[in-house]
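What follows is the content of data_13.tsv, which has TSV, N, CA and C atoms:
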```tsv
chain	number	residue	atom	x	y	z
K	1	MET	N	-53.02	-1.55	53.08
K	1	MET	CA	-54.14	-2.20	52.44
K	1	MET	C	-53.68	-2.67	51.06
K	2	ASN	N	-54.03	-3.89	50.74
K	2	ASN	CA	-53.73	-4.45	49.42
K	2	ASN	C	-55.01	-4.57	48.62
K	3	ARG	N	-54.92	-4.22	47.34
K	3	ARG	CA	-56.05	-4.33	46.42
K	3	ARG	C	-55.68	-5.29	45.31
K	4	THR	N	-56.56	-6.25	45.03
K	4	THR	CA	-56.35	-7.18	43.93
K	4	THR	C	-57.53	-7.07	42.98
K	5	ALA	N	-57.26	-6.65	41.77
K	5	ALA	CA	-58.31	-6.49	40.76
K	5	ALA	C	-58.84	-7.86	40.34
K	6	ILE	N	-60.14	-7.95	40.17
K	6	ILE	CA	-60.80	-9.15	39.68
K	6	ILE	C	-61.53	-8.76	38.39
K	7	ASN	N	-61.05	-9.28	37.27
K	7	ASN	CA	-61.63	-8.94	35.97
K	7	ASN	C	-61.70	-10.19	35.10
K	8	PRO	N	-62.77	-11.00	35.24
K	8	PRO	CA	-62.88	-12.16	34.36
K	8	PRO	C	-63.02	-11.75	32.90
K	9	TRP	N	-63.45	-10.49	32.67
K	9	TRP	CA	-63.55	-9.92	31.33
K	9	TRP	C	-62.83	-8.58	31.37
K	10	SER	N	-62.25	-8.18	30.28
K	10	SER	CA	-61.45	-6.95	30.27
K	10	SER	C	-62.19	-5.72	29.73
K	11	TRP	N	-63.44	-5.85	29.35
K	11	TRP	CA	-64.14	-4.74	28.70
K	11	TRP	C	-64.28	-3.50	29.58
K	12	SER	N	-64.28	-3.65	30.90
K	12	SER	CA	-64.46	-2.48	31.77
K	12	SER	C	-63.16	-1.69	31.96
K	13	LEU	N	-62.04	-2.30	31.68
K	13	LEU	CA	-60.75	-1.62	31.93
K	13	LEU	C	-60.59	-0.34	31.12
K	14	PRO	N	-60.91	-0.31	29.81
K	14	PRO	CA	-60.80	0.96	29.09
K	14	PRO	C	-61.79	2.01	29.59
K	15	LEU	N	-62.84	1.57	30.27
K	15	LEU	CA	-63.81	2.51	30.83
K	15	LEU	C	-63.38	3.02	32.20
K	16	GLY	N	-62.28	2.47	32.73
K	16	GLY	CA	-61.70	3.01	33.96
K	16	GLY	C	-62.14	2.35	35.24
K	17	TYR	N	-62.67	1.12	35.17
K	17	TYR	CA	-63.02	0.46	36.42
K	17	TYR	C	-62.83	-1.05	36.34
K	18	ASN	N	-62.59	-1.64	37.50
K	18	ASN	CA	-62.49	-3.09	37.64
K	18	ASN	C	-63.87	-3.65	37.91
K	19	GLN	N	-64.08	-4.91	37.53
K	19	GLN	CA	-65.33	-5.58	37.85
K	19	GLN	C	-65.48	-5.78	39.36
K	20	ALA	N	-64.37	-6.04	40.02
K	20	ALA	CA	-64.37	-6.24	41.48
K	20	ALA	C	-62.95	-6.08	41.98
K	21	GLU	N	-62.82	-5.93	43.27
K	21	GLU	CA	-61.50	-5.88	43.90
K	21	GLU	C	-61.57	-6.61	45.23
K	22	VAL	N	-60.53	-7.37	45.53
K	22	VAL	CA	-60.37	-7.95	46.86
K	22	VAL	C	-59.54	-6.96	47.66
K	23	ILE	N	-60.06	-6.55	48.81
K	23	ILE	CA	-59.39	-5.59	49.68
K	23	ILE	C	-58.90	-6.34	50.91
K	24	ASP	N	-57.58	-6.38	51.11
K	24	ASP	CA	-57.00	-7.05	52.27
K	24	ASP	C	-56.57	-6.05	53.33
K	25	THR	N	-56.94	-6.30	54.53
K	25	THR	CA	-56.49	-5.62	55.75
K	25	THR	C	-56.64	-4.10	55.78
K	26	PRO	N	-57.81	-3.56	55.44
K	26	PRO	CA	-57.97	-2.13	55.69
K	26	PRO	C	-58.14	-1.89	57.19
K	27	LYS	N	-57.64	-0.76	57.66
K	27	LYS	CA	-57.76	-0.40	59.07
K	27	LYS	C	-58.93	0.54	59.31
K	28	ARG	N	-59.25	1.36	58.33
K	28	ARG	CA	-60.32	2.35	58.45
K	28	ARG	C	-61.18	2.30	57.20
K	29	GLN	N	-62.46	2.58	57.38
K	29	GLN	CA	-63.37	2.64	56.24
K	29	GLN	C	-64.20	3.91	56.34
K	30	LEU	N	-64.42	4.55	55.20
K	30	LEU	CA	-65.19	5.78	55.11
K	30	LEU	C	-66.36	5.55	54.15
K	31	ILE	N	-67.57	5.80	54.61
K	31	ILE	CA	-68.76	5.68	53.78
K	31	ILE	C	-69.24	7.10	53.51
K	32	CYS	N	-69.22	7.51	52.27
K	32	CYS	CA	-69.59	8.88	51.90
K	32	CYS	C	-71.02	8.94	51.39
K	33	ALA	N	-71.73	9.97	51.81
K	33	ALA	CA	-73.03	10.27	51.21
K	33	ALA	C	-72.80	10.72	49.77
K	34	GLY	N	-73.83	10.72	48.99
K	34	GLY	CA	-73.71	11.18	47.61
K	34	GLY	C	-73.28	12.63	47.55
K	35	GLN	N	-72.28	12.89	46.72
K	35	GLN	CA	-71.77	14.25	46.54
K	35	GLN	C	-72.26	14.79	45.20
K	36	THR	N	-72.70	16.03	45.24
K	36	THR	CA	-73.28	16.66	44.07
K	36	THR	C	-72.60	18.00	43.81
K	37	SER	N	-73.15	18.71	42.88
K	37	SER	CA	-72.63	20.02	42.50
K	37	SER	C	-73.29	21.10	43.34
K	38	VAL	N	-72.86	21.19	44.61
K	38	VAL	CA	-73.36	22.22	45.52
K	38	VAL	C	-72.18	22.96	46.13
K	39	ASP	N	-72.44	24.21	46.54
K	39	ASP	CA	-71.40	24.99	47.20
K	39	ASP	C	-71.37	24.65	48.69
K	40	ALA	N	-70.54	25.36	49.46
K	40	ALA	CA	-70.37	25.08	50.88
K	40	ALA	C	-71.64	25.29	51.69
K	41	ASN	N	-72.60	26.00	51.13
K	41	ASN	CA	-73.88	26.23	51.80
K	41	ASN	C	-74.97	25.28	51.32
K	42	GLY	N	-74.63	24.37	50.41
K	42	GLY	CA	-75.60	23.41	49.89
K	42	GLY	C	-76.43	23.92	48.73
K	43	ALA	N	-76.05	25.07	48.18
K	43	ALA	CA	-76.79	25.63	47.04
K	43	ALA	C	-76.31	24.99	45.74
K	44	PRO	N	-77.24	24.50	44.90
K	44	PRO	CA	-76.85	23.89	43.63
K	44	PRO	C	-76.08	24.86	42.75
K	45	GLN	N	-75.10	24.32	42.04
K	45	GLN	CA	-74.25	25.10	41.13
K	45	GLN	C	-74.31	24.48	39.74
K	46	HIS	N	-74.08	25.29	38.73
K	46	HIS	CA	-73.89	24.85	37.33
K	46	HIS	C	-75.13	24.16	36.75
K	47	ALA	N	-76.30	24.73	36.96
K	47	ALA	CA	-77.53	24.17	36.39
K	47	ALA	C	-77.37	24.00	34.88
K	48	GLY	N	-77.72	22.82	34.39
K	48	GLY	CA	-77.67	22.56	32.96
K	48	GLY	C	-76.31	22.23	32.38
K	49	ASP	N	-75.24	22.23	33.19
K	49	ASP	CA	-73.88	21.98	32.71
K	49	ASP	C	-73.34	20.70	33.34
K	50	MET	N	-73.53	19.57	32.65
K	50	MET	CA	-73.14	18.26	33.18
K	50	MET	C	-71.66	18.21	33.53
K	51	ARG	N	-70.79	18.70	32.65
K	51	ARG	CA	-69.35	18.62	32.90
K	51	ARG	C	-68.98	19.39	34.17
K	52	ALA	N	-69.50	20.59	34.32
K	52	ALA	CA	-69.18	21.38	35.51
K	52	ALA	C	-69.75	20.73	36.77
K	53	GLN	N	-70.91	20.09	36.65
K	53	GLN	CA	-71.48	19.41	37.81
K	53	GLN	C	-70.63	18.20	38.22
K	54	ILE	N	-70.15	17.45	37.25
K	54	ILE	CA	-69.28	16.31	37.57
K	54	ILE	C	-68.01	16.81	38.24
K	55	GLU	N	-67.42	17.85	37.69
K	55	GLU	CA	-66.18	18.41	38.23
K	55	GLU	C	-66.35	18.86	39.68
K	56	LEU	N	-67.41	19.58	39.98
K	56	LEU	CA	-67.63	20.06	41.35
K	56	LEU	C	-67.97	18.90	42.29
K	57	SER	N	-68.72	17.93	41.80
K	57	SER	CA	-69.04	16.75	42.62
K	57	SER	C	-67.75	16.02	43.02
K	58	LEU	N	-66.82	15.90	42.08
K	58	LEU	CA	-65.54	15.25	42.39
K	58	LEU	C	-64.72	16.09	43.37
K	59	LYS	N	-64.75	17.40	43.22
K	59	LYS	CA	-64.04	18.27	44.18
K	59	LYS	C	-64.64	18.14	45.57
K	60	ASN	N	-65.95	18.05	45.65
K	60	ASN	CA	-66.60	17.88	46.95
K	60	ASN	C	-66.25	16.52	47.56
K	61	LEU	N	-66.21	15.48	46.74
K	61	LEU	CA	-65.79	14.17	47.23
K	61	LEU	C	-64.35	14.21	47.72
K	62	GLU	N	-63.49	14.87	46.96
K	62	GLU	CA	-62.09	14.98	47.35
K	62	GLU	C	-61.94	15.71	48.69
K	63	ALA	N	-62.75	16.73	48.93
K	63	ALA	CA	-62.69	17.46	50.21
K	63	ALA	C	-63.04	16.55	51.38
K	64	ILE	N	-64.03	15.70	51.19
K	64	ILE	CA	-64.40	14.75	52.24
K	64	ILE	C	-63.27	13.76	52.47
K	65	LEU	N	-62.73	13.22	51.39
K	65	LEU	CA	-61.62	12.27	51.52
K	65	LEU	C	-60.45	12.90	52.25
K	66	GLN	N	-60.10	14.12	51.89
K	66	GLN	CA	-58.98	14.80	52.53
K	66	GLN	C	-59.23	15.02	54.01
K	67	GLN	N	-60.44	15.39	54.38
K	67	GLN	CA	-60.74	15.62	55.79
K	67	GLN	C	-60.62	14.32	56.59
K	68	ALA	N	-60.81	13.19	55.93
K	68	ALA	CA	-60.67	11.88	56.57
K	68	ALA	C	-59.25	11.33	56.43
K	69	ASP	N	-58.31	12.18	55.98
K	69	ASP	CA	-56.92	11.76	55.72
K	69	ASP	C	-56.85	10.63	54.71
K	70	MET	N	-57.64	10.76	53.66
K	70	MET	CA	-57.65	9.79	52.57
K	70	MET	C	-57.60	10.56	51.25
K	71	GLY	N	-57.56	9.82	50.17
K	71	GLY	CA	-57.56	10.42	48.84
K	71	GLY	C	-58.25	9.50	47.86
K	72	PHE	N	-58.25	9.88	46.59
K	72	PHE	CA	-58.89	9.07	45.56
K	72	PHE	C	-58.30	7.66	45.51
K	73	ALA	N	-57.04	7.50	45.85
K	73	ALA	CA	-56.40	6.18	45.83
K	73	ALA	C	-57.01	5.23	46.86
K	74	ASP	N	-57.73	5.76	47.84
K	74	ASP	CA	-58.33	4.94	48.89
K	74	ASP	C	-59.77	4.53	48.57
K	75	VAL	N	-60.34	5.05	47.48
K	75	VAL	CA	-61.73	4.73	47.13
K	75	VAL	C	-61.79	3.31	46.60
K	76	ILE	N	-62.71	2.52	47.18
K	76	ILE	CA	-62.82	1.11	46.79
K	76	ILE	C	-64.15	0.79	46.12
K	77	ARG	N	-65.09	1.75	46.09
K	77	ARG	CA	-66.39	1.51	45.46
K	77	ARG	C	-67.06	2.83	45.13
K	78	LEU	N	-67.67	2.91	43.95
K	78	LEU	CA	-68.41	4.10	43.52
K	78	LEU	C	-69.80	3.70	43.02
K	79	THR	N	-70.76	4.54	43.34
K	79	THR	CA	-72.07	4.46	42.70
K	79	THR	C	-72.37	5.85	42.18
K	80	ILE	N	-72.67	5.93	40.91
K	80	ILE	CA	-72.93	7.22	40.25
K	80	ILE	C	-74.37	7.23	39.78
K	81	TYR	N	-75.04	8.31	40.11
K	81	TYR	CA	-76.42	8.54	39.68
K	81	TYR	C	-76.43	9.75	38.76
K	82	CYS	N	-77.12	9.67	37.63
K	82	CYS	CA	-77.22	10.85	36.78
K	82	CYS	C	-78.56	10.84	36.06
K	83	THR	N	-79.01	12.05	35.77
K	83	THR	CA	-80.31	12.21	35.13
K	83	THR	C	-80.23	12.06	33.62
K	84	ASP	N	-79.02	12.03	33.06
K	84	ASP	CA	-78.83	11.88	31.62
K	84	ASP	C	-77.53	11.13	31.38
K	85	VAL	N	-77.63	9.81	31.27
K	85	VAL	CA	-76.44	8.97	31.09
K	85	VAL	C	-75.68	9.37	29.83
K	86	ASP	N	-76.39	9.66	28.75
K	86	ASP	CA	-75.74	10.03	27.49
K	86	ASP	C	-74.94	11.32	27.62
K	87	ALA	N	-75.41	12.26	28.42
K	87	ALA	CA	-74.68	13.51	28.64
K	87	ALA	C	-73.51	13.32	29.60
K	88	ALA	N	-73.64	12.37	30.51
K	88	ALA	CA	-72.58	12.14	31.50
K	88	ALA	C	-71.38	11.40	30.91
K	89	MET	N	-71.62	10.36	30.14
K	89	MET	CA	-70.54	9.49	29.66
K	89	MET	C	-69.40	10.22	28.96
K	90	PRO	N	-69.63	11.17	28.08
K	90	PRO	CA	-68.51	11.84	27.43
K	90	PRO	C	-67.64	12.65	28.40
K	91	ASN	N	-68.14	12.86	29.60
K	91	ASN	CA	-67.39	13.64	30.59
K	91	ASN	C	-66.71	12.78	31.64
K	92	PHE	N	-66.73	11.47	31.44
K	92	PHE	CA	-66.11	10.59	32.43
K	92	PHE	C	-64.59	10.64	32.39
K	93	ASP	N	-64.04	11.39	31.44
K	93	ASP	CA	-62.59	11.63	31.50
K	93	ASP	C	-62.23	12.34	32.80
K	94	LEU	N	-63.18	13.08	33.37
K	94	LEU	CA	-62.93	13.75	34.66
K	94	LEU	C	-62.71	12.73	35.77
K	95	LEU	N	-63.43	11.61	35.72
K	95	LEU	CA	-63.20	10.54	36.70
K	95	LEU	C	-61.82	9.94	36.49
K	96	GLY	N	-61.45	9.77	35.22
K	96	GLY	CA	-60.13	9.25	34.92
K	96	GLY	C	-59.02	10.16	35.41
K	97	MET	N	-59.23	11.46	35.31
K	97	MET	CA	-58.22	12.41	35.80
K	97	MET	C	-58.07	12.31	37.32
K	98	SER	N	-59.13	11.95	38.01
K	98	SER	CA	-59.07	11.83	39.47
K	98	SER	C	-58.60	10.45	39.90
K	99	PHE	N	-59.30	9.41	39.46
K	99	PHE	CA	-59.01	8.06	39.92
K	99	PHE	C	-57.84	7.44	39.16
K	100	GLY	N	-57.78	7.66	37.85
K	100	GLY	CA	-56.65	7.13	37.07
K	100	GLY	C	-55.34	7.74	37.51
K	101	ALA	N	-55.34	9.04	37.80
K	101	ALA	CA	-54.13	9.70	38.28
K	101	ALA	C	-53.69	9.14	39.63
K	102	ALA	N	-54.66	8.64	40.40
K	102	ALA	CA	-54.35	8.05	41.70
K	102	ALA	C	-53.96	6.57	41.56
K	103	GLY	N	-54.03	6.05	40.34
K	103	GLY	CA	-53.62	4.67	40.08
K	103	GLY	C	-54.64	3.63	40.50
K	104	VAL	N	-55.92	4.01	40.56
K	104	VAL	CA	-56.95	3.05	40.94
K	104	VAL	C	-58.08	3.06	39.93
K	105	ALA	N	-58.81	1.96	39.89
K	105	ALA	CA	-59.98	1.82	39.02
K	105	ALA	C	-61.07	1.14	39.84
K	106	PRO	N	-61.64	1.86	40.82
K	106	PRO	CA	-62.59	1.20	41.73
K	106	PRO	C	-63.82	0.67	41.00
K	107	PRO	N	-64.34	-0.47	41.46
K	107	PRO	CA	-65.59	-0.96	40.90
K	107	PRO	C	-66.67	0.12	41.03
K	108	MET	N	-67.51	0.23	40.02
K	108	MET	CA	-68.55	1.26	40.08
K	108	MET	C	-69.81	0.79	39.37
K	109	SER	N	-70.89	1.45	39.72
K	109	SER	CA	-72.16	1.29	39.03
K	109	SER	C	-72.63	2.66	38.59
K	110	LEU	N	-73.20	2.74	37.41
K	110	LEU	CA	-73.77	3.97	36.88
K	110	LEU	C	-75.27	3.74	36.74
K	111	VAL	N	-76.05	4.60	37.40
K	111	VAL	CA	-77.50	4.44	37.43
K	111	VAL	C	-78.16	5.69	36.87
K	112	GLY	N	-78.98	5.52	35.85
K	112	GLY	CA	-79.76	6.62	35.32
K	112	GLY	C	-81.02	6.79	36.16
K	113	VAL	N	-81.30	8.02	36.56
K	113	VAL	CA	-82.46	8.31	37.41
K	113	VAL	C	-83.28	9.44	36.78
K	114	SER	N	-84.54	9.54	37.18
K	114	SER	CA	-85.39	10.59	36.63
K	114	SER	C	-85.07	11.95	37.23
K	115	ARG	N	-84.64	11.98	38.50
K	115	ARG	CA	-84.18	13.23	39.12
K	115	ARG	C	-83.42	12.91	40.39
K	116	LEU	N	-82.69	13.92	40.87
K	116	LEU	CA	-81.95	13.80	42.13
K	116	LEU	C	-82.66	14.64	43.18
K	117	ALA	N	-82.06	14.80	44.35
K	117	ALA	CA	-82.72	15.47	45.48
K	117	ALA	C	-83.20	16.88	45.15
K	118	LEU	N	-82.40	17.62	44.40
K	118	LEU	CA	-82.77	18.97	43.98
K	118	LEU	C	-82.90	18.98	42.46
K	119	PRO	N	-83.93	19.61	41.92
K	119	PRO	CA	-84.19	19.54	40.48
K	119	PRO	C	-83.02	20.00	39.60
K	120	GLU	N	-82.19	20.93	40.08
K	120	GLU	CA	-81.07	21.44	39.26
K	120	GLU	C	-79.94	20.44	39.12
K	121	LEU	N	-79.89	19.47	40.03
K	121	LEU	CA	-78.77	18.52	40.05
K	121	LEU	C	-78.95	17.43	39.00
K	122	MET	N	-77.85	17.11	38.31
K	122	MET	CA	-77.87	16.09	37.26
K	122	MET	C	-76.93	14.93	37.55
K	123	PHE	N	-76.04	15.07	38.54
K	123	PHE	CA	-74.98	14.09	38.79
K	123	PHE	C	-74.74	13.96	40.29
K	124	GLU	N	-74.61	12.72	40.75
K	124	GLU	CA	-74.31	12.46	42.16
K	124	GLU	C	-73.38	11.25	42.24
K	125	ILE	N	-72.36	11.33	43.11
K	125	ILE	CA	-71.39	10.25	43.23
K	125	ILE	C	-71.26	9.85	44.70
K	126	GLU	N	-71.48	8.56	44.97
K	126	GLU	CA	-71.28	7.98	46.31
K	126	GLU	C	-69.99	7.20	46.28
K	127	ALA	N	-69.27	7.21	47.39
K	127	ALA	CA	-68.01	6.48	47.45
K	127	ALA	C	-67.86	5.78	48.78
K	128	THR	N	-67.15	4.67	48.74
K	128	THR	CA	-66.66	3.99	49.93
K	128	THR	C	-65.16	3.97	49.80
K	129	ALA	N	-64.48	4.35	50.87
K	129	ALA	CA	-63.01	4.37	50.87
K	129	ALA	C	-62.50	3.54	52.05
K	130	ALA	N	-61.31	3.03	51.91
K	130	ALA	CA	-60.69	2.26	52.99
K	130	ALA	C	-59.19	2.50	52.94
K	131	ALA	N	-58.61	2.50	54.12
K	131	ALA	CA	-57.16	2.67	54.20
K	131	ALA	C	-56.61	1.81	55.31
```
Kindly present the structure from the file in structure tokens form.
Amino acid sequence: MNRTAINPWSWSLPLGYNQAEVIDTPKRQLICAGQTSVDANGAPQHAGDMRAQIELSLKNLEAILQQADMGFADVIRLTIYCTDVDAAMPNFDLLGMSFGAAGVAPPMSLVGVSRLALPELMFEIEATAAA
């Protein structure tokens, strides 16, 4: 699979994402449900701790990717939902540690919401991957 970044403006690059990407010839595509800070039984973890919730959400996403024989380098689109954008943004270095380390900057949207499925949850990440 070939990825070509499309960035008519460069302001998103320091934030860790491309405005768009052209994806050529993927063979498989994975559509992930939103991943949150829950344990293997679906119980919410880290109430009130945005950084820990982002970290566990990324670990849960990584587990799904691995089970599909993919990784962060295969993610082509992200949608992030959070109940407090101001609290989430300073912790986006965690996304950089995952996606930047994989050498990708997938297009993403960040959406502030009043709440997520469970009241304790503050962060949710949806991904589309292709390989």
Would you pick out the contacts of Pro106 of chain K at 8 Å or less, using only C-alpha atoms, so that residues sharing its chain but fewer than 5 positions from it are not included, and give the list as an mmCIF file with N, CA and C atoms, keeping the file's coordinate frame?
```
data_model
loop_
_atom_site.group_PDB
_atom_site.id
_atom_site.type_symbol
_atom_site.label_atom_id
_atom_site.label_comp_id
_atom_site.auth_asym_id
_atom_site.auth_seq_id
_atom_site.Cartn_x
_atom_site.Cartn_y
_atom_site.Cartn_z
ATOM 1 N N TYR K 17 -62.670 1.120 35.170
ATOM 2 C CA TYR K 17 -63.020 0.460 36.420
ATOM 3 C C TYR K 17 -62.830 -1.050 36.340
ATOM 4 N N ASN K 18 -62.590 -1.640 37.500
ATOM 5 C CA ASN K 18 -62.490 -3.090 37.640
ATOM 6 C C ASN K 18 -63.870 -3.650 37.910
ATOM 7 N N ALA K 20 -64.370 -6.040 40.020
ATOM 8 C CA ALA K 20 -64.370 -6.240 41.480
ATOM 9 C C ALA K 20 -62.950 -6.080 41.980
ATOM 10 N N GLU K 21 -62.820 -5.930 43.270
ATOM 11 C CA GLU K 21 -61.500 -5.880 43.900
ATOM 12 C C GLU K 21 -61.570 -6.610 45.230
ATOM 13 N N VAL K 75 -60.340 5.050 47.480
ATOM 14 C CA VAL K 75 -61.730 4.730 47.130
ATOM 15 C C VAL K 75 -61.790 3.310 46.600
ATOM 16 N N ILE K 76 -62.710 2.520 47.180
ATOM 17 C CA ILE K 76 -62.820 1.110 46.790
ATOM 18 C C ILE K 76 -64.150 0.790 46.120
ATOM 19 N N ARG K 77 -65.090 1.750 46.090
ATOM 20 C CA ARG K 77 -66.390 1.510 45.460
ATOM 21 C C ARG K 77 -67.060 2.830 45.130
ATOM 22 N N LEU K 78 -67.670 2.910 43.950
ATOM 23 C CA LEU K 78 -68.410 4.100 43.520
ATOM 24 C C LEU K 78 -69.800 3.700 43.020
ATOM 25 N N PHE K 99 -59.300 9.410 39.460
ATOM 26 C CA PHE K 99 -59.010 8.060 39.920
ATOM 27 C C PHE K 99 -57.840 7.440 39.160
#
```
| said: Write out as number ranges by chain the set of residues from segment 72-113 of chain K that DSSP, computed on the backbone, places in helix (DSSP H, G or I). | reply: K: 72-74, 85-91, 93-100
| said: Please list as a list in words every residue within 10 Å of segment 31-33 of chain K, counting only C-alpha atoms and excluding residues in the same chain fewer than 4 positions away. | reply: Leu61, Ile64, Leu65, Val75, Arg77, Leu78, Glu124, Ile125, Glu126, Ala127, Thr128, Ala129 and Ala130 of chain K
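As for atom CA of Lys59 of chain K and atom CA of Gly34 of chain K, they are spaced 12.5 Å apart.
In this structure, atom CA of Val104 of chain K sits 23.5 Å away from atom CA of Met50 of chain K.
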| How many Å lie between atom CA of Ser10 of chain K and atom CA of Tyr81 of chain K, rounded to one decimal? | 23.5 Å
| Residues within 8 Å of Pro26 of chain K, only C-alpha atoms, excluding chain neighbours under 5 positions, as a list in words | Met1, Asn2, Ala130 and Ala131 of chain K
| query | For Ala87 of chain K, which residue among K:Gln53, K:Gln19, K:Thr25, K:Ser37 is the nearest when counting only C-alpha atoms? | reply |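 Once distances to Ala87 of chain K are computed over only C-alpha atoms, the minimum belongs to K:Gln53.
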| query | What residues in chain K get the DSSP label strand (DSSP E)? Please answer as a PyMOL selection string. | reply | chain K and resi 2-6+20-24+29-31+75-82+108-112+123-130
Restrict the selected residues to N, CA and C atoms and save them as a CSV table (one decimal), keeping the file's coordinate frame.
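Once written, selection.csv looks like this:
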```
chain,number,residue,atom,x,y,z
K,2,ASN,N,-54.0,-3.9,50.7
K,2,ASN,CA,-53.7,-4.4,49.4
K,2,ASN,C,-55.0,-4.6,48.6
K,3,ARG,N,-54.9,-4.2,47.3
K,3,ARG,CA,-56.0,-4.3,46.4
K,3,ARG,C,-55.7,-5.3,45.3
K,4,THR,N,-56.6,-6.2,45.0
K,4,THR,CA,-56.4,-7.2,43.9
K,4,THR,C,-57.5,-7.1,43.0
K,5,ALA,N,-57.3,-6.6,41.8
K,5,ALA,CA,-58.3,-6.5,40.8
K,5,ALA,C,-58.8,-7.9,40.3
K,6,ILE,N,-60.1,-8.0,40.2
K,6,ILE,CA,-60.8,-9.2,39.7
K,6,ILE,C,-61.5,-8.8,38.4
K,20,ALA,N,-64.4,-6.0,40.0
K,20,ALA,CA,-64.4,-6.2,41.5
K,20,ALA,C,-63.0,-6.1,42.0
K,21,GLU,N,-62.8,-5.9,43.3
K,21,GLU,CA,-61.5,-5.9,43.9
K,21,GLU,C,-61.6,-6.6,45.2
K,22,VAL,N,-60.5,-7.4,45.5
K,22,VAL,CA,-60.4,-8.0,46.9
K,22,VAL,C,-59.5,-7.0,47.7
K,23,ILE,N,-60.1,-6.6,48.8
K,23,ILE,CA,-59.4,-5.6,49.7
K,23,ILE,C,-58.9,-6.3,50.9
K,24,ASP,N,-57.6,-6.4,51.1
K,24,ASP,CA,-57.0,-7.0,52.3
K,24,ASP,C,-56.6,-6.0,53.3
K,29,GLN,N,-62.5,2.6,57.4
K,29,GLN,CA,-63.4,2.6,56.2
K,29,GLN,C,-64.2,3.9,56.3
K,30,LEU,N,-64.4,4.6,55.2
K,30,LEU,CA,-65.2,5.8,55.1
K,30,LEU,C,-66.4,5.6,54.2
K,31,ILE,N,-67.6,5.8,54.6
K,31,ILE,CA,-68.8,5.7,53.8
K,31,ILE,C,-69.2,7.1,53.5
K,75,VAL,N,-60.3,5.0,47.5
K,75,VAL,CA,-61.7,4.7,47.1
K,75,VAL,C,-61.8,3.3,46.6
K,76,ILE,N,-62.7,2.5,47.2
K,76,ILE,CA,-62.8,1.1,46.8
K,76,ILE,C,-64.2,0.8,46.1
K,77,ARG,N,-65.1,1.8,46.1
K,77,ARG,CA,-66.4,1.5,45.5
K,77,ARG,C,-67.1,2.8,45.1
K,78,LEU,N,-67.7,2.9,44.0
K,78,LEU,CA,-68.4,4.1,43.5
K,78,LEU,C,-69.8,3.7,43.0
K,79,THR,N,-70.8,4.5,43.3
K,79,THR,CA,-72.1,4.5,42.7
K,79,THR,C,-72.4,5.8,42.2
K,80,ILE,N,-72.7,5.9,40.9
K,80,ILE,CA,-72.9,7.2,40.2
K,80,ILE,C,-74.4,7.2,39.8
K,81,TYR,N,-75.0,8.3,40.1
K,81,TYR,CA,-76.4,8.5,39.7
K,81,TYR,C,-76.4,9.8,38.8
K,82,CYS,N,-77.1,9.7,37.6
K,82,CYS,CA,-77.2,10.8,36.8
K,82,CYS,C,-78.6,10.8,36.1
K,108,MET,N,-67.5,0.2,40.0
K,108,MET,CA,-68.6,1.3,40.1
K,108,MET,C,-69.8,0.8,39.4
K,109,SER,N,-70.9,1.4,39.7
K,109,SER,CA,-72.2,1.3,39.0
K,109,SER,C,-72.6,2.7,38.6
K,110,LEU,N,-73.2,2.7,37.4
K,110,LEU,CA,-73.8,4.0,36.9
K,110,LEU,C,-75.3,3.7,36.7
K,111,VAL,N,-76.0,4.6,37.4
K,111,VAL,CA,-77.5,4.4,37.4
K,111,VAL,C,-78.2,5.7,36.9
K,112,GLY,N,-79.0,5.5,35.8
K,112,GLY,CA,-79.8,6.6,35.3
K,112,GLY,C,-81.0,6.8,36.2
K,123,PHE,N,-76.0,15.1,38.5
K,123,PHE,CA,-75.0,14.1,38.8
K,123,PHE,C,-74.7,14.0,40.3
K,124,GLU,N,-74.6,12.7,40.8
K,124,GLU,CA,-74.3,12.5,42.2
K,124,GLU,C,-73.4,11.2,42.2
K,125,ILE,N,-72.4,11.3,43.1
K,125,ILE,CA,-71.4,10.2,43.2
K,125,ILE,C,-71.3,9.8,44.7
K,126,GLU,N,-71.5,8.6,45.0
K,126,GLU,CA,-71.3,8.0,46.3
K,126,GLU,C,-70.0,7.2,46.3
K,127,ALA,N,-69.3,7.2,47.4
K,127,ALA,CA,-68.0,6.5,47.4
K,127,ALA,C,-67.9,5.8,48.8
K,128,THR,N,-67.2,4.7,48.7
K,128,THR,CA,-66.7,4.0,49.9
K,128,THR,C,-65.2,4.0,49.8
K,129,ALA,N,-64.5,4.4,50.9
K,129,ALA,CA,-63.0,4.4,50.9
K,129,ALA,C,-62.5,3.5,52.0
K,130,ALA,N,-61.3,3.0,51.9
K,130,ALA,CA,-60.7,2.3,53.0
K,130,ALA,C,-59.2,2.5,52.9
```
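Closest approach to Leu118 of chain K from the set K:Pro8, K:Pro44, K:Ile80, K:Arg51 is made by K:Pro44, with distances taken over all atoms listed in the file.
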| query | Closest to Pro107 of chain K among K:Gly16, K:Ala63, K:His46, K:Trp11, using all atoms listed in the file? | reply |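 Comparing K:Gly16, K:Ala63, K:His46, K:Trp11 against Pro107 of chain K, the winner is K:Gly16.
Using all atoms listed in the file for every distance, the candidate list K:Met89, K:Leu95, K:Ala102, K:Ala40 yields K:Ala102 as the residue closest to Asp74 of chain K.
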| message | At a cut-off of 7 Å around the point (-55.4, -4.1, 48.3) (file coordinates), what residues fall inside when counting only C-alpha atoms? I'd like the answer as a list in words. | response | Met1, Asn2, Arg3, Thr4, Val22, Ile23 and Asp24 of chain K
